[in-house]
>>> print(open('coords_15.pdb').read())   # PDB, C-alpha atoms
ATOM      1  CA  LEU A   1      31.506  44.727  12.631  1.00  0.00           C
ATOM      2  CA  ASN A   2      28.681  44.309  10.163  1.00  0.00           C
ATOM      3  CA  ALA A   3      27.168  41.442   8.251  1.00  0.00           C
ATOM      4  CA  HIS A   4      24.572  41.168   5.550  1.00  0.00           C
ATOM      5  CA  ASP A   5      22.098  38.443   4.788  1.00  0.00           C
ATOM      6  CA  GLY A   6      22.210  39.001   1.032  1.00  0.00           C
ATOM      7  CA  ALA A   7      18.561  39.988   0.782  1.00  0.00           C
ATOM      8  CA  GLY A   8      18.628  43.616   1.873  1.00  0.00           C
ATOM      9  CA  ARG A   9      18.341  43.074   5.620  1.00  0.00           C
ATOM     10  CA  GLY A  10      21.353  44.439   7.437  1.00  0.00           C
ATOM     11  CA  VAL A  11      22.813  42.757  10.506  1.00  0.00           C
ATOM     12  CA  ASN A  12      24.604  44.855  13.106  1.00  0.00           C
ATOM     13  CA  GLU A  13      27.116  44.136  15.861  1.00  0.00           C
ATOM     14  CA  GLY A  14      24.362  43.850  18.464  1.00  0.00           C
ATOM     15  CA  ASP A  15      22.713  41.023  16.533  1.00  0.00           C
ATOM     16  CA  ILE A  16      25.984  39.102  16.337  1.00  0.00           C
ATOM     17  CA  VAL A  17      26.942  39.610  20.016  1.00  0.00           C
ATOM     18  CA  SER A  18      23.454  38.612  21.141  1.00  0.00           C
ATOM     19  CA  SER A  19      23.490  35.492  18.966  1.00  0.00           C
ATOM     20  CA  TYR A  20      26.913  34.457  20.265  1.00  0.00           C
ATOM     21  CA  SER A  21      25.886  34.912  23.899  1.00  0.00           C
ATOM     22  CA  GLN A  22      22.708  32.884  23.398  1.00  0.00           C
ATOM     23  CA  ALA A  23      24.559  30.123  21.547  1.00  0.00           C
ATOM     24  CA  LEU A  24      27.285  29.925  24.202  1.00  0.00           C
ATOM     25  CA  GLN A  25      24.702  29.683  26.981  1.00  0.00           C
ATOM     26  CA  GLU A  26      22.856  26.844  25.268  1.00  0.00           C
ATOM     27  CA  VAL A  27      26.053  24.950  24.416  1.00  0.00           C
ATOM     28  CA  LYS A  28      27.148  25.144  28.068  1.00  0.00           C
ATOM     29  CA  SER A  29      23.751  23.893  29.220  1.00  0.00           C
ATOM     30  CA  GLY A  30      23.998  20.958  26.827  1.00  0.00           C
ATOM     31  CA  CYS A  31      20.671  21.670  25.136  1.00  0.00           C
ATOM     32  CA  LYS A  32      19.993  23.677  21.976  1.00  0.00           C
ATOM     33  CA  ARG A  33      16.663  25.463  22.392  1.00  0.00           C
ATOM     34  CA  THR A  34      16.637  28.258  19.800  1.00  0.00           C
ATOM     35  CA  HIS A  35      17.846  29.123  16.301  1.00  0.00           C
ATOM     36  CA  TRP A  36      20.721  31.555  16.892  1.00  0.00           C
ATOM     37  CA  ILE A  37      21.764  33.086  13.609  1.00  0.00           C
ATOM     38  CA  TRP A  38      18.889  33.645  11.233  1.00  0.00           C
ATOM     39  CA  TYR A  39      21.001  35.850   8.961  1.00  0.00           C
ATOM     40  CA  ILE A  40      23.560  33.059   8.417  1.00  0.00           C
ATOM     41  CA  PHE A  41      21.190  30.080   8.235  1.00  0.00           C
ATOM     42  CA  PRO A  42      17.878  31.597   7.083  1.00  0.00           C
ATOM     43  CA  GLN A  43      14.840  29.520   6.277  1.00  0.00           C
ATOM     44  CA  GLN A  44      12.523  30.079   3.361  1.00  0.00           C
ATOM     45  CA  LYS A  45       9.689  32.493   4.125  1.00  0.00           C
ATOM     46  CA  GLY A  46       6.594  30.695   5.327  1.00  0.00           C
ATOM     47  CA  ARG A  47       8.444  27.751   6.851  1.00  0.00           C
ATOM     48  CA  GLY A  48       8.615  29.219  10.351  1.00  0.00           C
ATOM     49  CA  ARG A  49       6.167  31.239  12.423  1.00  0.00           C
ATOM     50  CA  SER A  50       8.398  33.491  14.503  1.00  0.00           C
ATOM     51  CA  TYR A  51       9.248  37.099  13.759  1.00  0.00           C
ATOM     52  CA  ASN A  52      12.890  36.236  12.960  1.00  0.00           C
ATOM     53  CA  SER A  53      11.969  33.411  10.585  1.00  0.00           C
ATOM     54  CA  GLU A  54       9.761  35.797   8.631  1.00  0.00           C
ATOM     55  CA  PHE A  55      12.080  38.813   8.765  1.00  0.00           C
ATOM     56  CA  PHE A  56      15.227  36.932   7.729  1.00  0.00           C
ATOM     57  CA  GLY A  57      13.427  34.303   5.623  1.00  0.00           C
ATOM     58  CA  LEU A  58      14.346  34.148   1.946  1.00  0.00           C
ATOM     59  CA  ASP A  59      11.516  35.143  -0.357  1.00  0.00           C
ATOM     60  CA  GLY A  60      11.880  33.372  -3.675  1.00  0.00           C
ATOM     61  CA  GLU A  61      14.630  32.554  -6.142  1.00  0.00           C
ATOM     62  CA  GLU A  62      16.248  35.992  -6.397  1.00  0.00           C
ATOM     63  CA  GLU A  63      16.808  36.299  -2.657  1.00  0.00           C
ATOM     64  CA  ALA A  64      18.145  32.742  -2.615  1.00  0.00           C
ATOM     65  CA  LYS A  65      20.683  33.736  -5.297  1.00  0.00           C
ATOM     66  CA  ALA A  66      21.668  36.783  -3.237  1.00  0.00           C
ATOM     67  CA  TYR A  67      22.127  34.582  -0.168  1.00  0.00           C
ATOM     68  CA  ILE A  68      24.361  32.181  -2.102  1.00  0.00           C
ATOM     69  CA  ALA A  69      26.487  35.131  -3.240  1.00  0.00           C
ATOM     70  CA  THR A  70      27.208  36.085   0.388  1.00  0.00           C
ATOM     71  CA  GLN A  71      28.903  32.719   0.997  1.00  0.00           C
ATOM     72  CA  ILE A  72      32.167  34.372  -0.012  1.00  0.00           C
ATOM     73  CA  GLU A  73      32.197  35.451   3.641  1.00  0.00           C
ATOM     74  CA  LEU A  74      32.794  31.802   4.552  1.00  0.00           C
ATOM     75  CA  ASP A  75      35.838  31.749   2.259  1.00  0.00           C
ATOM     76  CA  LYS A  76      37.184  34.868   3.957  1.00  0.00           C
ATOM     77  CA  ALA A  77      36.557  33.437   7.423  1.00  0.00           C
ATOM     78  CA  LEU A  78      38.361  30.201   6.518  1.00  0.00           C
ATOM     79  CA  GLU A  79      41.284  32.229   5.186  1.00  0.00           C
ATOM     80  CA  VAL A  80      41.582  34.079   8.502  1.00  0.00           C
ATOM     81  CA  LEU A  81      41.294  30.829  10.462  1.00  0.00           C
ATOM     82  CA  ILE A  82      43.941  29.063   8.356  1.00  0.00           C
ATOM     83  CA  LYS A  83      46.369  31.986   8.704  1.00  0.00           C
ATOM     84  CA  THR A  84      45.815  32.085  12.467  1.00  0.00           C
ATOM     85  CA  LEU A  85      46.408  28.343  12.825  1.00  0.00           C
ATOM     86  CA  GLU A  86      49.534  28.630  10.711  1.00  0.00           C
ATOM     87  CA  GLU A  87      50.897  31.485  12.847  1.00  0.00           C
ATOM     88  CA  GLU A  88      50.320  29.392  15.974  1.00  0.00           C
ATOM     89  CA  ASN A  89      51.935  26.291  14.400  1.00  0.00           C
ATOM     90  CA  LYS A  90      48.696  24.314  14.665  1.00  0.00           C
ATOM     91  CA  LEU A  91      47.733  24.058  11.002  1.00  0.00           C
ATOM     92  CA  ASP A  92      49.594  20.787  10.375  1.00  0.00           C
ATOM     93  CA  LYS A  93      47.505  19.124  13.100  1.00  0.00           C
ATOM     94  CA  THR A  94      44.151  20.540  11.964  1.00  0.00           C
ATOM     95  CA  VAL A  95      41.679  18.826   9.645  1.00  0.00           C
ATOM     96  CA  PHE A  96      38.721  20.680   8.129  1.00  0.00           C
ATOM     97  CA  VAL A  97      35.553  18.698   7.368  1.00  0.00           C
ATOM     98  CA  LEU A  98      32.973  20.786   5.475  1.00  0.00           C
ATOM     99  CA  MET A  99      29.569  19.684   4.199  1.00  0.00           C
ATOM    100  CA  ALA A 100      26.264  21.485   3.684  1.00  0.00           C
ATOM    101  CA  ASP A 101      23.277  20.417   5.764  1.00  0.00           C
ATOM    102  CA  HIS A 102      20.431  20.251   3.240  1.00  0.00           C
ATOM    103  CA  TYR A 103      18.865  21.856   0.196  1.00  0.00           C
ATOM    104  CA  PRO A 104      16.413  24.814   0.538  1.00  0.00           C
ATOM    105  CA  TYR A 105      13.321  22.880   1.578  1.00  0.00           C
ATOM    106  CA  GLU A 106      10.737  25.439   0.494  1.00  0.00           C
ATOM    107  CA  LEU A 107      12.017  25.843  -3.090  1.00  0.00           C
ATOM    108  CA  ASP A 108      10.517  23.627  -5.779  1.00  0.00           C
ATOM    109  CA  ILE A 109      12.743  21.492  -7.964  1.00  0.00           C
ATOM    110  CA  ASP A 110      12.659  23.935 -10.910  1.00  0.00           C
ATOM    111  CA  SER A 111      13.776  26.839  -8.713  1.00  0.00           C
ATOM    112  CA  ILE A 112      16.555  24.746  -7.187  1.00  0.00           C
ATOM    113  CA  ASN A 113      17.831  23.804 -10.646  1.00  0.00           C
ATOM    114  CA  GLN A 114      17.984  27.503 -11.486  1.00  0.00           C
ATOM    115  CA  LEU A 115      20.397  27.905  -8.565  1.00  0.00           C
ATOM    116  CA  SER A 116      22.344  24.696  -9.076  1.00  0.00           C
ATOM    117  CA  LYS A 117      25.135  23.854 -11.491  1.00  0.00           C
ATOM    118  CA  TYR A 118      24.016  20.228 -11.269  1.00  0.00           C
ATOM    119  CA  GLU A 119      20.725  19.067 -12.790  1.00  0.00           C
ATOM    120  CA  ARG A 120      18.689  17.509  -9.993  1.00  0.00           C
ATOM    121  CA  ASN A 121      15.564  15.376  -9.783  1.00  0.00           C
ATOM    122  CA  ASN A 122      13.385  14.626  -6.761  1.00  0.00           C
ATOM    123  CA  ILE A 123      15.964  12.154  -5.421  1.00  0.00           C
ATOM    124  CA  GLU A 124      19.223  13.776  -6.505  1.00  0.00           C
ATOM    125  CA  ILE A 125      17.914  17.049  -5.091  1.00  0.00           C
ATOM    126  CA  ASN A 126      20.155  16.060  -2.147  1.00  0.00           C
ATOM    127  CA  HIS A 127      23.321  16.189  -4.310  1.00  0.00           C
ATOM    128  CA  ASN A 128      26.010  17.819  -2.210  1.00  0.00           C
ATOM    129  CA  ALA A 129      29.767  18.099  -1.729  1.00  0.00           C
ATOM    130  CA  LEU A 130      32.093  17.042   1.089  1.00  0.00           C
ATOM    131  CA  ILE A 131      35.499  18.640   1.646  1.00  0.00           C
ATOM    132  CA  ILE A 132      38.114  17.072   3.921  1.00  0.00           C
ATOM    133  CA  TRP A 133      41.244  19.218   3.985  1.00  0.00           C
ATOM    134  CA  ASN A 134      44.609  19.346   5.676  1.00  0.00           C
ATOM    135  CA  ASN A 135      47.632  21.190   4.312  1.00  0.00           C
ATOM    136  CA  LYS A 136      49.603  17.910   4.193  1.00  0.00           C
ATOM    137  CA  LEU A 137      46.937  15.792   2.507  1.00  0.00           C
ATOM    138  CA  GLU A 138      47.386  14.887  -1.138  1.00  0.00           C
ATOM    139  CA  THR A 139      44.591  16.363  -3.264  1.00  0.00           C
ATOM    140  CA  LYS A 140      42.191  13.655  -4.352  1.00  0.00           C
ATOM    141  CA  GLU A 141      38.736  14.029  -5.872  1.00  0.00           C
ATOM    142  CA  ILE A 142      36.210  11.253  -5.296  1.00  0.00           C
ATOM    143  CA  ASP A 143      33.230  11.199  -7.632  1.00  0.00           C
ATOM    144  CA  LYS A 144      30.959   8.427  -6.448  1.00  0.00           C
ATOM    145  CA  PRO A 145      27.636   8.293  -4.618  1.00  0.00           C
ATOM    146  CA  CYS A 146      27.963   8.676  -0.868  1.00  0.00           C
ATOM    147  CA  MET A 147      25.952  10.062   2.047  1.00  0.00           C
ATOM    148  CA  SER A 148      26.368  11.962   5.284  1.00  0.00           C
ATOM    149  CA  SER A 149      26.711   8.776   7.341  1.00  0.00           C
ATOM    150  CA  ASP A 150      29.879   7.993   5.334  1.00  0.00           C
ATOM    151  CA  VAL A 151      31.698  11.005   6.800  1.00  0.00           C
ATOM    152  CA  LEU A 152      32.407   9.515  10.239  1.00  0.00           C
ATOM    153  CA  PRO A 153      33.987   6.208   9.086  1.00  0.00           C
ATOM    154  CA  THR A 154      36.012   8.137   6.485  1.00  0.00           C
ATOM    155  CA  VAL A 155      37.445  10.470   9.121  1.00  0.00           C
ATOM    156  CA  TYR A 156      38.005   7.543  11.522  1.00  0.00           C
ATOM    157  CA  ASN A 157      40.128   5.759   8.932  1.00  0.00           C
ATOM    158  CA  LEU A 158      42.065   8.916   8.066  1.00  0.00           C
ATOM    159  CA  PHE A 159      42.997   9.270  11.729  1.00  0.00           C
ATOM    160  CA  GLY A 160      43.634   5.547  12.191  1.00  0.00           C
ATOM    161  CA  ILE A 161      40.917   5.271  14.841  1.00  0.00           C
ATOM    162  CA  ASP A 162      39.602   1.764  15.534  1.00  0.00           C
ATOM    163  CA  TYR A 163      35.819   1.340  15.347  1.00  0.00           C
ATOM    164  CA  ASP A 164      33.242  -1.393  14.844  1.00  0.00           C
ATOM    165  CA  SER A 165      32.097  -0.978  11.240  1.00  0.00           C
ATOM    166  CA  ARG A 166      29.097  -3.222  11.883  1.00  0.00           C
ATOM    167  CA  ILE A 167      27.309  -0.536  13.884  1.00  0.00           C
ATOM    168  CA  LEU A 168      27.742   2.259  11.341  1.00  0.00           C
ATOM    169  CA  THR A 169      25.503   2.508   8.287  1.00  0.00           C
ATOM    170  CA  GLY A 170      28.161   4.491   6.420  1.00  0.00           C
ATOM    171  CA  LYS A 171      31.357   3.335   4.713  1.00  0.00           C
ATOM    172  CA  ASP A 172      34.765   4.903   4.113  1.00  0.00           C
ATOM    173  CA  ILE A 173      34.422   7.118   1.038  1.00  0.00           C
ATOM    174  CA  LEU A 174      38.130   6.738   0.267  1.00  0.00           C
ATOM    175  CA  SER A 175      37.903   2.945   0.148  1.00  0.00           C
ATOM    176  CA  THR A 176      37.573   0.967  -3.074  1.00  0.00           C
ATOM    177  CA  SER A 177      34.097  -0.273  -2.156  1.00  0.00           C
ATOM    178  CA  PRO A 178      31.233   0.857  -4.436  1.00  0.00           C
ATOM    179  CA  GLY A 179      29.471   4.004  -3.284  1.00  0.00           C
ATOM    180  CA  ILE A 180      25.814   4.238  -2.377  1.00  0.00           C
ATOM    181  CA  ALA A 181      23.490   6.989  -1.177  1.00  0.00           C
ATOM    182  CA  ILE A 182      20.420   5.827   0.760  1.00  0.00           C
ATOM    183  CA  LEU A 183      17.320   7.955   1.336  1.00  0.00           C
ATOM    184  CA  SER A 184      14.878   7.632   4.220  1.00  0.00           C
ATOM    185  CA  ASP A 185      12.169   6.140   1.962  1.00  0.00           C
ATOM    186  CA  ARG A 186      14.631   3.388   0.926  1.00  0.00           C
ATOM    187  CA  SER A 187      15.339   4.888  -2.478  1.00  0.00           C
ATOM    188  CA  TRP A 188      19.019   4.717  -3.399  1.00  0.00           C
ATOM    189  CA  LEU A 189      21.662   5.860  -5.854  1.00  0.00           C
ATOM    190  CA  THR A 190      24.732   3.915  -6.976  1.00  0.00           C
ATOM    191  CA  GLU A 191      27.221   4.262  -9.797  1.00  0.00           C
ATOM    192  CA  LYS A 192      24.947   2.045 -11.874  1.00  0.00           C
ATOM    193  CA  GLY A 193      21.752   4.023 -11.497  1.00  0.00           C
ATOM    194  CA  LEU A 194      18.883   5.275  -9.398  1.00  0.00           C
ATOM    195  CA  TYR A 195      16.178   3.292  -7.610  1.00  0.00           C
ATOM    196  CA  ASN A 196      12.904   5.066  -6.792  1.00  0.00           C
ATOM    197  CA  ALA A 197      11.293   3.155  -3.929  1.00  0.00           C
ATOM    198  CA  SER A 198       7.912   4.883  -4.234  1.00  0.00           C
ATOM    199  CA  LYS A 199       7.629   3.646  -7.827  1.00  0.00           C
ATOM    200  CA  ASN A 200       9.562   0.403  -7.323  1.00  0.00           C
ATOM    201  CA  GLN A 201      11.515   1.367 -10.431  1.00  0.00           C
ATOM    202  CA  PHE A 202      15.230   1.268 -11.232  1.00  0.00           C
ATOM    203  CA  TYR A 203      16.661   3.771 -13.730  1.00  0.00           C
ATOM    204  CA  PRO A 204      20.060   2.679 -15.144  1.00  0.00           C
ATOM    205  CA  LYS A 205      22.731   5.333 -15.559  1.00  0.00           C
ATOM    206  CA  ASP A 206      23.588   6.135 -19.191  1.00  0.00           C
ATOM    207  CA  ASN A 207      24.073   2.851 -21.026  1.00  0.00           C
ATOM    208  CA  THR A 208      24.762   0.775 -17.918  1.00  0.00           C
ATOM    209  CA  THR A 209      23.358  -2.732 -17.989  1.00  0.00           C
ATOM    210  CA  THR A 210      22.062  -4.184 -14.725  1.00  0.00           C
ATOM    211  CA  SER A 211      20.132  -7.268 -13.760  1.00  0.00           C
ATOM    212  CA  ASP A 212      17.108  -7.742 -11.500  1.00  0.00           C
ATOM    213  CA  GLU A 213      19.436  -9.637  -9.183  1.00  0.00           C
ATOM    214  CA  TYR A 214      21.611  -6.529  -8.762  1.00  0.00           C
ATOM    215  CA  VAL A 215      18.609  -4.372  -7.833  1.00  0.00           C
ATOM    216  CA  ASN A 216      17.308  -7.019  -5.424  1.00  0.00           C
ATOM    217  CA  ASN A 217      20.719  -7.357  -3.767  1.00  0.00           C
ATOM    218  CA  VAL A 218      21.070  -3.602  -3.276  1.00  0.00           C
ATOM    219  CA  ASN A 219      17.517  -3.390  -1.913  1.00  0.00           C
ATOM    220  CA  GLN A 220      18.421  -6.074   0.620  1.00  0.00           C
ATOM    221  CA  LEU A 221      21.595  -4.181   1.551  1.00  0.00           C
ATOM    222  CA  VAL A 222      19.588  -0.973   2.045  1.00  0.00           C
ATOM    223  CA  ASN A 223      16.999  -2.759   4.191  1.00  0.00           C
ATOM    224  CA  ASN A 224      19.720  -4.322   6.334  1.00  0.00           C
ATOM    225  CA  ARG A 225      21.529  -1.030   6.927  1.00  0.00           C
ATOM    226  CA  LEU A 226      18.377   0.895   7.790  1.00  0.00           C
ATOM    227  CA  ASN A 227      17.116  -1.864  10.081  1.00  0.00           C
ATOM    228  CA  ILE A 228      20.442  -2.016  11.899  1.00  0.00           C
ATOM    229  CA  SER A 229      20.402   1.759  12.281  1.00  0.00           C
ATOM    230  CA  ARG A 230      16.857   1.637  13.673  1.00  0.00           C
ATOM    231  CA  LEU A 231      17.735  -1.089  16.154  1.00  0.00           C
ATOM    232  CA  ILE A 232      20.807   0.803  17.377  1.00  0.00           C
ATOM    233  CA  VAL A 233      18.681   3.868  18.086  1.00  0.00           C
ATOM    234  CA  ALA A 234      15.917   1.802  19.708  1.00  0.00           C
ATOM    235  CA  ASN A 235      18.210  -0.281  21.911  1.00  0.00           C
ATOM    236  CA  ASN A 236      21.154   2.109  22.450  1.00  0.00           C
TER
END
>>> encode(input="coords_15.pdb", output="C-alpha cells")
Amino acid sequence: LNAHDGAGRGVNEGDIVSSYSQALQEVKSGCKRTHWIWYIFPQQKGRGRSYNSEFFGLDGEEEAKAYIATQIELDKALEVLIKTLEEENKLDKTVFVLMADHYPYELDIDSINQLSKYERNNIEINHNALIIWNNKLETKEIDKPCMSSDVLPTVYNLFGIDYDSRILTGKDILSTSPGIAILSDRSWLTEKGLYNASKNQFYPKDNTTTSDEYVNNVNQLVNNRLNISRLIVANN
C-alpha cells in the first residue's frame, strides 16, 4: 500500500497505519489534538512550524498543481466505496455530501487563479462546489450563491427532518429562495452582485440594476443572521 503527495515525497504503509491509529485514538477520546494526514491535507510551506508541516508542505504553484492532480485518488476511493455499498445492498440508503474545506491560504490571488477554472477576486476566492449524491436522486445543478451553513438545512429537508429554521443561519439550497453567501467581515454575494464591506461598496453583476434600498435590506439581513449566530454560540 503506497500513496504519494504529488510533490515528490513518497508515503509508505507505515505512515498510513500510524496516521489511522492516531486518528482513531483521538476520535475515541472525543478530542482532536493533532493533524493526522499531512500527505492528504498538506498546508502551504511556511504556514506551520512542525517538521511534518514543512516536509509535506506545498512549495509554490507547481507543487500545488501536482497535489491537485493526485485528487484522482479520491475518485478511485469513492468508486470502491460505492461498489462495496452496492454489493452489501446499502447504496440506496446512502447519501454522499462532499464539499472542500477552504482555498490554499498561503497562495496569493494570482497563483490561485492559475490553478482555478473560475476567475476569483478577494471575496470570490472562496468559490467552491457542493455535491449531494444518491443513486436514486434526480440530477439537478444549482447555480446560485450559497455557503457552508446552507448544507445542514438542505440535507435536513432532503431527509424530511424537522428543525427550527430560526436558529440556523443557512437556508435550503434547493428551495426557491434567493441565494446568498456571507463572509465573516459582513461582505456578501447574491445573484445581483457583490458587496465589499471593507469598502462599503456594492458591485452589480453584469447589467443588473439594483437600488440602495436593496443593498440596505441585504445588509440588515446579514447583520441579523450573524448576530443570531453569535448569540447562539454565546448563550448555547
>>> resolve_selection(input="coords_15.pdb", expression="the PyMOL selection byres ((chain A and resi 88-97) around 7)", output="VMD selection string")
chain A and resid 82 84 to 87 98 to 99 131 to 136
>>> residues_around(input="coords_15.pdb", residues="A:Ile142", least_positions_apart="6", cutoff="10 Å", atoms="all atoms listed in the file", output="PyMOL selection string")
chain A and resi 130+173-174
>>> closest_residue(input="coords_15.pdb", among="A:Trp188, A:Phe159, A:Tyr195, A:Phe55", to="A:Cys146", atoms="all atoms listed in the file")
A:Trp188
>>> closest_residue(input="coords_15.pdb", among="A:Asp150, A:Asp212, A:Asp206, A:Glu62", to="A:Ile180", atoms="all atoms listed in the file")
A:Asp150
>>> resolve_selection(input="coords_15.pdb", expression="the PyMOL selection byres ((chain A and resi 100) around 12)", output="NGL selection string")
:A and (41 or 71 or 97-99 or 101-104 or 126-131 or 147-148)
>>> atom_distance(input="coords_15.pdb", atom1="atom CA of A:Phe202", atom2="atom CA of A:Asn219")
10.7 Å
>>> atom_distance(input="coords_15.pdb", atom1="atom CA of A:Ile72", atom2="atom CA of A:Lys32")
27.3 Å
>>> closest_residue(input="coords_15.pdb", among="A:Glu61, A:Gln114, A:Cys31, A:Ile167", to="A:Lys45", atoms="all atoms listed in the file")
A:Glu61
>>> atom_distance(input="coords_15.pdb", atom1="atom CA of A:Leu137", atom2="atom CA of A:Thr176")
18.4 Å
>>> resolve_selection(input="coords_15.pdb", expression="the PyMOL selection byres ((chain A and resi 46) around 12)", output="list in words")
Pro42, Gln43, Gln44, Lys45, Arg47, Gly48, Arg49, Ser50, Tyr51, Asn52, Ser53, Glu54, Phe55, Phe56, Gly57, Leu58, Asp59, Gly60, Tyr105, Glu106 and Leu107 of chain A
>>> decode(input="coords_15.pdb", residues="stretch 223-231 of chain A", atoms="all heavy atoms", output="PDB file, in the first residue's frame")
ATOM      1  N   ASN A 223     -26.593  41.308   8.909  1.00  0.00           N
ATOM      2  CA  ASN A 223     -26.363  41.655  10.317  1.00  0.00           C
ATOM      3  C   ASN A 223     -27.217  40.809  11.241  1.00  0.00           C
ATOM      4  O   ASN A 223     -26.743  40.325  12.283  1.00  0.00           O
ATOM      5  CB  ASN A 223     -26.661  43.138  10.547  1.00  0.00           C
ATOM      6  CG  ASN A 223     -25.610  44.040   9.915  1.00  0.00           C
ATOM      7  OD1 ASN A 223     -24.464  43.635   9.749  1.00  0.00           O
ATOM      8  ND2 ASN A 223     -26.000  45.258   9.559  1.00  0.00           N
ATOM      9  N   ASN A 224     -28.480  40.607  10.870  1.00  0.00           N
ATOM     10  CA  ASN A 224     -29.377  39.804  11.703  1.00  0.00           C
ATOM     11  C   ASN A 224     -28.889  38.364  11.825  1.00  0.00           C
ATOM     12  O   ASN A 224     -28.849  37.791  12.917  1.00  0.00           O
ATOM     13  CB  ASN A 224     -30.796  39.821  11.128  1.00  0.00           C
ATOM     14  CG  ASN A 224     -31.478  41.164  11.308  1.00  0.00           C
ATOM     15  OD1 ASN A 224     -31.050  41.994  12.120  1.00  0.00           O
ATOM     16  ND2 ASN A 224     -32.537  41.400  10.546  1.00  0.00           N
ATOM     17  N   ARG A 225     -28.508  37.773  10.694  1.00  0.00           N
ATOM     18  CA  ARG A 225     -28.073  36.372  10.713  1.00  0.00           C
ATOM     19  C   ARG A 225     -26.802  36.190  11.530  1.00  0.00           C
ATOM     20  O   ARG A 225     -26.678  35.240  12.312  1.00  0.00           O
ATOM     21  CB  ARG A 225     -27.860  35.860   9.287  1.00  0.00           C
ATOM     22  CG  ARG A 225     -29.139  35.660   8.502  1.00  0.00           C
ATOM     23  CD  ARG A 225     -28.878  34.745   7.324  1.00  0.00           C
ATOM     24  NE  ARG A 225     -29.986  34.706   6.387  1.00  0.00           N
ATOM     25  CZ  ARG A 225     -30.002  34.003   5.275  1.00  0.00           C
ATOM     26  NH1 ARG A 225     -28.932  33.301   4.945  1.00  0.00           N
ATOM     27  NH2 ARG A 225     -31.035  33.993   4.460  1.00  0.00           N
ATOM     28  N   LEU A 226     -25.836  37.093  11.344  1.00  0.00           N
ATOM     29  CA  LEU A 226     -24.585  36.970  12.076  1.00  0.00           C
ATOM     30  C   LEU A 226     -24.784  37.232  13.567  1.00  0.00           C
ATOM     31  O   LEU A 226     -24.157  36.578  14.406  1.00  0.00           O
ATOM     32  CB  LEU A 226     -23.542  37.929  11.496  1.00  0.00           C
ATOM     33  CG  LEU A 226     -23.038  37.573  10.098  1.00  0.00           C
ATOM     34  CD1 LEU A 226     -22.020  38.603   9.622  1.00  0.00           C
ATOM     35  CD2 LEU A 226     -22.417  36.185  10.067  1.00  0.00           C
ATOM     36  N   ASN A 227     -25.650  38.168  13.903  1.00  0.00           N
ATOM     37  CA  ASN A 227     -25.920  38.443  15.317  1.00  0.00           C
ATOM     38  C   ASN A 227     -26.612  37.262  15.987  1.00  0.00           C
ATOM     39  O   ASN A 227     -26.295  36.907  17.127  1.00  0.00           O
ATOM     40  CB  ASN A 227     -26.766  39.716  15.447  1.00  0.00           C
ATOM     41  CG  ASN A 227     -25.964  40.977  15.170  1.00  0.00           C
ATOM     42  OD1 ASN A 227     -24.740  40.978  15.299  1.00  0.00           O
ATOM     43  ND2 ASN A 227     -26.647  42.033  14.779  1.00  0.00           N
ATOM     44  N   ILE A 228     -27.573  36.667  15.276  1.00  0.00           N
ATOM     45  CA  ILE A 228     -28.249  35.492  15.819  1.00  0.00           C
ATOM     46  C   ILE A 228     -27.253  34.352  16.021  1.00  0.00           C
ATOM     47  O   ILE A 228     -27.255  33.668  17.056  1.00  0.00           O
ATOM     48  CB  ILE A 228     -29.397  35.042  14.891  1.00  0.00           C
ATOM     49  CG1 ILE A 228     -30.540  36.068  14.935  1.00  0.00           C
ATOM     50  CG2 ILE A 228     -29.919  33.666  15.293  1.00  0.00           C
ATOM     51  CD1 ILE A 228     -31.620  35.798  13.906  1.00  0.00           C
ATOM     52  N   SER A 229     -26.380  34.152  15.047  1.00  0.00           N
ATOM     53  CA  SER A 229     -25.369  33.110  15.159  1.00  0.00           C
ATOM     54  C   SER A 229     -24.466  33.361  16.364  1.00  0.00           C
ATOM     55  O   SER A 229     -24.140  32.441  17.121  1.00  0.00           O
ATOM     56  CB  SER A 229     -24.541  33.058  13.878  1.00  0.00           C
ATOM     57  OG  SER A 229     -23.551  32.064  13.955  1.00  0.00           O
ATOM     58  N   ARG A 230     -24.050  34.614  16.557  1.00  0.00           N
ATOM     59  CA  ARG A 230     -23.192  34.954  17.685  1.00  0.00           C
ATOM     60  C   ARG A 230     -23.889  34.705  19.012  1.00  0.00           C
ATOM     61  O   ARG A 230     -23.303  34.149  19.963  1.00  0.00           O
ATOM     62  CB  ARG A 230     -22.770  36.427  17.582  1.00  0.00           C
ATOM     63  CG  ARG A 230     -21.934  36.932  18.747  1.00  0.00           C
ATOM     64  CD  ARG A 230     -21.608  38.414  18.574  1.00  0.00           C
ATOM     65  NE  ARG A 230     -22.800  39.213  18.441  1.00  0.00           N
ATOM     66  CZ  ARG A 230     -23.544  39.616  19.472  1.00  0.00           C
ATOM     67  NH1 ARG A 230     -23.218  39.262  20.717  1.00  0.00           N
ATOM     68  NH2 ARG A 230     -24.617  40.359  19.278  1.00  0.00           N
ATOM     69  N   LEU A 231     -25.151  35.073  19.095  1.00  0.00           N
ATOM     70  CA  LEU A 231     -25.899  34.884  20.336  1.00  0.00           C
ATOM     71  C   LEU A 231     -26.119  33.416  20.658  1.00  0.00           C
ATOM     72  O   LEU A 231     -26.098  33.006  21.830  1.00  0.00           O
ATOM     73  CB  LEU A 231     -27.253  35.596  20.233  1.00  0.00           C
ATOM     74  CG  LEU A 231     -27.189  37.131  20.237  1.00  0.00           C
ATOM     75  CD1 LEU A 231     -28.557  37.730  19.906  1.00  0.00           C
ATOM     76  CD2 LEU A 231     -26.702  37.649  21.592  1.00  0.00           C
TER      77      LEU A 231
END
